[in-house]
file my_file.cif (mmCIF, C-alpha atoms)
data_input
loop_
_atom_site.group_PDB
_atom_site.id
_atom_site.type_symbol
_atom_site.label_atom_id
_atom_site.label_comp_id
_atom_site.auth_asym_id
_atom_site.auth_seq_id
_atom_site.Cartn_x
_atom_site.Cartn_y
_atom_site.Cartn_z
ATOM 1 C CA MET K 1 -9.579 -13.473 -54.772
ATOM 2 C CA THR K 2 -8.902 -12.531 -51.139
ATOM 3 C CA THR K 3 -11.219 -13.174 -48.233
ATOM 4 C CA PRO K 4 -12.588 -9.971 -46.681
ATOM 5 C CA ILE K 5 -11.230 -9.156 -43.222
ATOM 6 C CA SER K 6 -13.843 -8.958 -40.477
ATOM 7 C CA ARG K 7 -14.538 -5.444 -39.357
ATOM 8 C CA ARG K 8 -15.743 -6.616 -35.955
ATOM 9 C CA SER K 9 -14.234 -4.366 -33.321
ATOM 10 C CA VAL K 10 -12.032 -5.899 -30.674
ATOM 11 C CA LYS K 11 -14.042 -3.964 -28.081
ATOM 12 C CA SER K 12 -17.245 -5.769 -29.048
ATOM 13 C CA ALA K 13 -15.706 -9.218 -28.799
ATOM 14 C CA PRO K 14 -17.427 -11.508 -26.269
ATOM 15 C CA GLY K 15 -16.372 -10.785 -22.694
ATOM 16 C CA MET K 16 -15.022 -7.335 -23.486
ATOM 17 C CA LYS K 17 -16.243 -4.174 -21.751
ATOM 18 C CA ARG K 18 -19.047 -2.487 -23.637
ATOM 19 C CA SER K 19 -20.379 0.218 -21.300
ATOM 20 C CA THR K 20 -19.081 3.725 -20.825
ATOM 21 C CA ILE K 21 -19.421 5.975 -17.793
ATOM 22 C CA ALA K 22 -18.663 9.653 -18.309
ATOM 23 C CA VAL K 23 -17.407 11.718 -15.381
ATOM 24 C CA ARG K 24 -17.076 15.496 -15.392
ATOM 25 C CA VAL K 25 -14.058 16.900 -13.581
ATOM 26 C CA THR K 26 -12.324 20.237 -13.343
ATOM 27 C CA PRO K 27 -9.061 20.669 -15.261
ATOM 28 C CA GLU K 28 -7.195 20.522 -11.946
ATOM 29 C CA GLU K 29 -8.927 17.284 -10.943
ATOM 30 C CA LYS K 30 -8.109 15.775 -14.322
ATOM 31 C CA VAL K 31 -4.430 16.636 -13.912
ATOM 32 C CA ARG K 32 -4.406 15.164 -10.408
ATOM 33 C CA ILE K 33 -6.172 11.962 -11.492
ATOM 34 C CA ASN K 34 -3.802 11.634 -14.441
ATOM 35 C CA LEU K 35 -0.748 12.020 -12.178
ATOM 36 C CA LEU K 36 -2.102 9.489 -9.696
ATOM 37 C CA ALA K 37 -2.915 7.041 -12.480
ATOM 38 C CA LYS K 38 0.564 7.403 -13.966
ATOM 39 C CA SER K 39 2.164 6.927 -10.543
ATOM 40 C CA HIS K 40 0.311 3.581 -10.335
ATOM 41 C CA ARG K 41 1.173 2.778 -13.971
ATOM 42 C CA MET K 42 -2.477 2.727 -14.999
ATOM 43 C CA SER K 43 -4.676 4.552 -17.453
ATOM 44 C CA MET K 44 -7.031 7.099 -15.920
ATOM 45 C CA SER K 45 -9.981 4.785 -16.657
ATOM 46 C CA LYS K 46 -8.319 1.791 -15.021
ATOM 47 C CA TYR K 47 -7.246 3.921 -12.024
ATOM 48 C CA LEU K 48 -10.766 5.312 -11.451
ATOM 49 C CA LEU K 49 -12.302 1.859 -11.860
ATOM 50 C CA ASP K 50 -9.790 0.382 -9.424
ATOM 51 C CA CYS K 51 -10.463 3.141 -6.868
ATOM 52 C CA ALA K 52 -14.234 2.752 -7.171
ATOM 53 C CA LEU K 53 -14.275 -1.016 -6.841
ATOM 54 C CA ARG K 54 -11.695 -1.045 -4.061
ATOM 55 C CA SER K 55 -13.627 1.524 -1.995
ATOM 56 C CA THR K 56 -15.201 -1.194 0.154
ATOM 57 C CA ASP K 57 -11.729 -1.914 1.580
ATOM 58 C CA ARG K 58 -11.420 1.591 2.976
ATOM 59 C CA VAL K 59 -11.862 2.635 6.608
ATOM 60 C CA THR K 60 -15.334 3.794 7.588
ATOM 61 C CA PRO K 61 -15.816 6.923 9.721
ATOM 62 C CA ALA K 62 -16.918 4.720 12.662
ATOM 63 C CA GLN K 63 -13.756 2.615 12.359
ATOM 64 C CA LEU K 64 -11.648 5.758 12.193
ATOM 65 C CA GLU K 65 -13.311 7.127 15.350
ATOM 66 C CA GLU K 66 -12.576 3.842 17.146
ATOM 67 C CA VAL K 67 -8.917 3.994 16.147
ATOM 68 C CA VAL K 68 -8.709 7.624 17.322
ATOM 69 C CA ARG K 69 -10.207 6.640 20.718
ATOM 70 C CA GLU K 70 -7.710 3.793 21.014
ATOM 71 C CA LEU K 71 -4.817 6.093 20.165
ATOM 72 C CA GLU K 72 -6.043 8.678 22.696
ATOM 73 C CA ALA K 73 -6.086 5.974 25.395
ATOM 74 C CA ILE K 74 -2.575 4.922 24.400
ATOM 75 C CA ARG K 75 -1.408 8.547 24.502
ATOM 76 C CA ALA K 76 -2.769 8.936 28.056
ATOM 77 C CA HIS K 77 -1.064 5.702 29.119
ATOM 78 C CA LEU K 78 2.169 6.787 27.439
ATOM 79 C CA GLY K 79 2.053 10.051 29.406
ATOM 80 C CA LYS K 80 1.906 8.098 32.669
ATOM 81 C CA VAL K 81 4.750 5.826 31.597
ATOM 82 C CA GLY K 82 6.790 8.857 30.527
ATOM 83 C CA SER K 83 6.273 10.449 33.913
ATOM 84 C CA ASN K 84 7.512 7.276 35.634
ATOM 85 C CA LEU K 85 10.503 7.169 33.308
ATOM 86 C CA ASN K 86 11.375 10.789 34.159
ATOM 87 C CA GLN K 87 11.235 9.978 37.883
ATOM 88 C CA ILE K 88 13.603 7.049 37.337
ATOM 89 C CA ALA K 89 15.986 9.240 35.331
ATOM 90 C CA ARG K 90 15.950 11.948 38.019
ATOM 91 C CA HIS K 91 16.586 9.372 40.754
ATOM 92 C CA THR K 92 19.398 7.750 38.747
ATOM 93 C CA ASN K 93 21.065 11.113 38.039
ATOM 94 C CA THR K 94 20.909 12.373 41.615
ATOM 95 C CA ARG K 95 21.711 9.172 43.520
ATOM 96 C CA HIS K 96 23.813 7.438 40.863
ATOM 97 C CA GLU K 97 21.831 4.230 41.254
ATOM 98 C CA VAL K 98 19.068 2.625 39.205
ATOM 99 C CA PRO K 99 15.809 2.196 41.169
ATOM 100 C CA SER K 100 14.351 -1.276 41.549
ATOM 101 C CA ASP K 101 11.229 -0.419 39.527
ATOM 102 C CA ALA K 102 13.212 0.551 36.400
ATOM 103 C CA ALA K 103 12.608 -2.841 34.785
ATOM 104 C CA TYR K 104 8.862 -2.543 35.449
ATOM 105 C CA VAL K 105 8.740 0.869 33.738
ATOM 106 C CA ALA K 106 10.799 -0.438 30.815
ATOM 107 C CA ASN K 107 8.264 -3.259 30.414
ATOM 108 C CA GLN K 108 5.472 -0.671 30.410
ATOM 109 C CA VAL K 109 7.212 1.079 27.510
ATOM 110 C CA TYR K 110 7.339 -2.212 25.596
ATOM 111 C CA ASP K 111 3.639 -2.785 26.372
ATOM 112 C CA VAL K 112 2.724 0.624 24.948
ATOM 113 C CA VAL K 113 4.731 -0.091 21.802
ATOM 114 C CA ASP K 114 2.888 -3.423 21.446
ATOM 115 C CA LYS K 115 -0.474 -1.651 21.806
ATOM 116 C CA ILE K 116 0.490 0.890 19.158
ATOM 117 C CA ASN K 117 1.542 -1.916 16.823
ATOM 118 C CA ARG K 118 -1.815 -3.675 17.373
ATOM 119 C CA VAL K 119 -3.735 -0.506 16.525
ATOM 120 C CA ILE K 120 -1.651 0.042 13.398
ATOM 121 C CA SER K 121 -2.150 -3.555 12.260
ATOM 122 C CA GLY K 122 -5.900 -3.391 12.946
ATOM 123 C CA GLY K 123 -5.860 -5.727 15.950
ATOM 124 C CA GLY K 124 -7.306 -3.219 18.381
ATOM 125 C CA VAL K 125 -6.354 -2.467 21.964
ATOM 126 C CA PRO K 126 -7.454 -4.210 25.162
ATOM 127 C CA ASP K 127 -9.745 -2.219 27.492
ATOM 128 C CA ASP K 128 -6.915 -1.680 29.990
ATOM 129 C CA ALA K 129 -5.091 0.711 27.622
#
call {"tool": "encode", "arguments": {"input": "my_file.cif", "output": "structure tokens"}}
result
Amino acid sequence: MTTPISRRSVKSAPGMKRSTIAVRVTPEEKVRINLLAKSHRMSMSKYLLDCALRSTDRVTPAQLEEVVRELEAIRAHLGKVGSNLNQIARHTNTRHEVPSDAAYVANQVYDVVDKINRVISGGGVPDDA
């Protein structure tokens, strides 16, 4: 005589997920979610769960506004540096000599690039931007 096989579902095993959350979406949203999930090699459920639980890592509107202000300050500074660079180019082209402040302006360009890199990496920008 054979021993009966347990009919206990794998899903109800200890430690397994037992709750369901239903979400209503339009057909277009479902297609988009499915494509995004597939592009991340996840099921739609896993993708939505991952997005929901990871949402605390996202940028807040206040943080986004701060980054925009920093980038605006950098853009203004870059405009000034660009103007200086144009003056050096004009001087060099008309007099066939490089002005003495060319190295200073080149260093300003490097400083602006450093500030942009800090903003991108989340390090912020000093107040003198």
call {"tool": "atom_distance", "arguments": {"input": "my_file.cif", "atom1": "CA of Glu97 in chain K", "atom2": "CA of Asp114 in chain K"}}
result
28.5 Å
call {"tool": "resolve_selection", "arguments": {"input": "my_file.cif", "expression": "the PyMOL selection byres ((chain K and resi 101-108) around 12)", "output": "PyMOL selection string"}}
result
chain K and resi 74+77-92+97-100+109-115+129
call {"tool": "atom_distance", "arguments": {"input": "my_file.cif", "atom1": "CA of Leu71 in chain K", "atom2": "CA of Asn117 in chain K"}}
result
10.8 Å
call {"tool": "atom_distance", "arguments": {"input": "my_file.cif", "atom1": "CA of Met44 in chain K", "atom2": "CA of Glu29 in chain K"}}
result
11.5 Å
call {"tool": "residues_around", "arguments": {"input": "my_file.cif", "residues": "Leu48 in chain K", "least_positions_apart": "2", "cutoff": "12 Å", "atoms": "all atoms listed in the file", "output": "ChimeraX atom specification"}}
result
/K:21-23,30,32-34,36-38,40,42-46,50-55
call {"tool": "closest_residue", "arguments": {"input": "my_file.cif", "among": "K:Arg75, K:Val67, K:Met16, K:Arg95", "to": "Ile120 in chain K", "atoms": "only C-alpha atoms"}}
result
K:Val67
call {"tool": "decode", "arguments": {"input": "my_file.cif", "residues": "range 106-119 of chain K", "atoms": "all heavy atoms", "output": "compact mmCIF listing (two decimals), in the first residue's frame"}}
result
# COMPACT_ATOMS: atom_id res chain seq x y z
N ALA K 106 40.68 78.33 -18.51
CA ALA K 106 40.64 76.87 -18.67
C ALA K 106 40.36 76.20 -17.33
O ALA K 106 39.58 75.24 -17.26
CB ALA K 106 41.95 76.38 -19.26
N ASN K 107 40.97 76.71 -16.26
CA ASN K 107 40.70 76.16 -14.93
C ASN K 107 39.25 76.38 -14.51
O ASN K 107 38.66 75.54 -13.83
CB ASN K 107 41.65 76.75 -13.89
CG ASN K 107 43.04 76.15 -13.99
OD1 ASN K 107 43.20 74.99 -14.38
ND2 ASN K 107 44.04 76.94 -13.64
N GLN K 108 38.67 77.50 -14.92
CA GLN K 108 37.26 77.74 -14.63
C GLN K 108 36.38 76.69 -15.31
O GLN K 108 35.40 76.22 -14.74
CB GLN K 108 36.83 79.14 -15.08
CG GLN K 108 37.31 80.25 -14.18
CD GLN K 108 36.76 81.60 -14.64
OE1 GLN K 108 36.72 81.88 -15.83
NE2 GLN K 108 36.36 82.41 -13.68
N VAL K 109 36.75 76.34 -16.54
CA VAL K 109 35.99 75.30 -17.26
C VAL K 109 36.06 73.99 -16.48
O VAL K 109 35.05 73.32 -16.27
CB VAL K 109 36.52 75.13 -18.70
CG1 VAL K 109 35.89 73.92 -19.37
CG2 VAL K 109 36.28 76.39 -19.52
N TYR K 110 37.25 73.63 -16.03
CA TYR K 110 37.40 72.39 -15.24
C TYR K 110 36.58 72.46 -13.95
O TYR K 110 35.99 71.47 -13.53
CB TYR K 110 38.87 72.11 -14.94
CG TYR K 110 39.66 71.69 -16.14
CD1 TYR K 110 40.78 72.42 -16.54
CD2 TYR K 110 39.31 70.58 -16.89
CE1 TYR K 110 41.52 72.05 -17.66
CE2 TYR K 110 40.04 70.19 -18.00
CZ TYR K 110 41.14 70.93 -18.38
OH TYR K 110 41.86 70.55 -19.48
N ASP K 111 36.55 73.66 -13.31
CA ASP K 111 35.76 73.81 -12.09
C ASP K 111 34.27 73.59 -12.36
O ASP K 111 33.58 72.95 -11.56
CB ASP K 111 35.97 75.21 -11.49
CG ASP K 111 37.34 75.39 -10.86
OD1 ASP K 111 38.04 74.37 -10.65
OD2 ASP K 111 37.71 76.55 -10.61
N VAL K 112 33.78 74.12 -13.47
CA VAL K 112 32.37 73.94 -13.81
C VAL K 112 32.07 72.46 -14.06
O VAL K 112 31.05 71.94 -13.59
CB VAL K 112 31.97 74.80 -15.04
CG1 VAL K 112 30.58 74.45 -15.53
CG2 VAL K 112 32.06 76.28 -14.69
N VAL K 113 32.96 71.78 -14.76
CA VAL K 113 32.77 70.35 -14.99
C VAL K 113 32.74 69.59 -13.66
O VAL K 113 31.90 68.71 -13.45
CB VAL K 113 33.87 69.79 -15.92
CG1 VAL K 113 33.82 68.28 -16.00
CG2 VAL K 113 33.73 70.39 -17.32
N ASP K 114 33.61 69.95 -12.73
CA ASP K 114 33.62 69.32 -11.40
C ASP K 114 32.29 69.57 -10.68
O ASP K 114 31.74 68.67 -10.04
CB ASP K 114 34.77 69.84 -10.54
CG ASP K 114 36.11 69.29 -10.96
OD1 ASP K 114 36.15 68.26 -11.68
OD2 ASP K 114 37.14 69.89 -10.58
N LYS K 115 31.77 70.79 -10.77
CA LYS K 115 30.49 71.10 -10.11
C LYS K 115 29.36 70.28 -10.72
O LYS K 115 28.50 69.77 -10.00
CB LYS K 115 30.20 72.59 -10.22
CG LYS K 115 31.10 73.42 -9.34
CD LYS K 115 30.87 74.91 -9.54
CE LYS K 115 31.87 75.71 -8.72
NZ LYS K 115 31.74 77.14 -8.94
N ILE K 116 29.36 70.16 -12.02
CA ILE K 116 28.33 69.35 -12.70
C ILE K 116 28.43 67.90 -12.23
O ILE K 116 27.43 67.26 -11.92
CB ILE K 116 28.46 69.46 -14.23
CG1 ILE K 116 28.07 70.87 -14.69
CG2 ILE K 116 27.58 68.41 -14.93
CD1 ILE K 116 28.40 71.16 -16.13
N ASN K 117 29.64 67.39 -12.16
CA ASN K 117 29.83 66.00 -11.71
C ASN K 117 29.35 65.81 -10.27
O ASN K 117 28.77 64.77 -9.94
CB ASN K 117 31.29 65.58 -11.85
CG ASN K 117 31.69 65.36 -13.28
OD1 ASN K 117 30.86 65.07 -14.14
ND2 ASN K 117 32.97 65.50 -13.56
N ARG K 118 29.56 66.82 -9.41
CA ARG K 118 29.08 66.72 -8.02
C ARG K 118 27.56 66.69 -7.96
O ARG K 118 26.98 65.95 -7.18
CB ARG K 118 29.64 67.84 -7.18
CG ARG K 118 31.08 67.61 -6.73
CD ARG K 118 31.47 68.55 -5.60
NE ARG K 118 31.36 69.95 -5.98
CZ ARG K 118 32.40 70.69 -6.43
NH1 ARG K 118 33.59 70.16 -6.54
NH2 ARG K 118 32.21 71.95 -6.75
N VAL K 119 26.92 67.51 -8.79
CA VAL K 119 25.45 67.53 -8.81
C VAL K 119 24.94 66.17 -9.29
O VAL K 119 24.02 65.60 -8.70
CB VAL K 119 24.91 68.67 -9.70
CG1 VAL K 119 23.42 68.51 -9.94
CG2 VAL K 119 25.20 70.01 -9.07
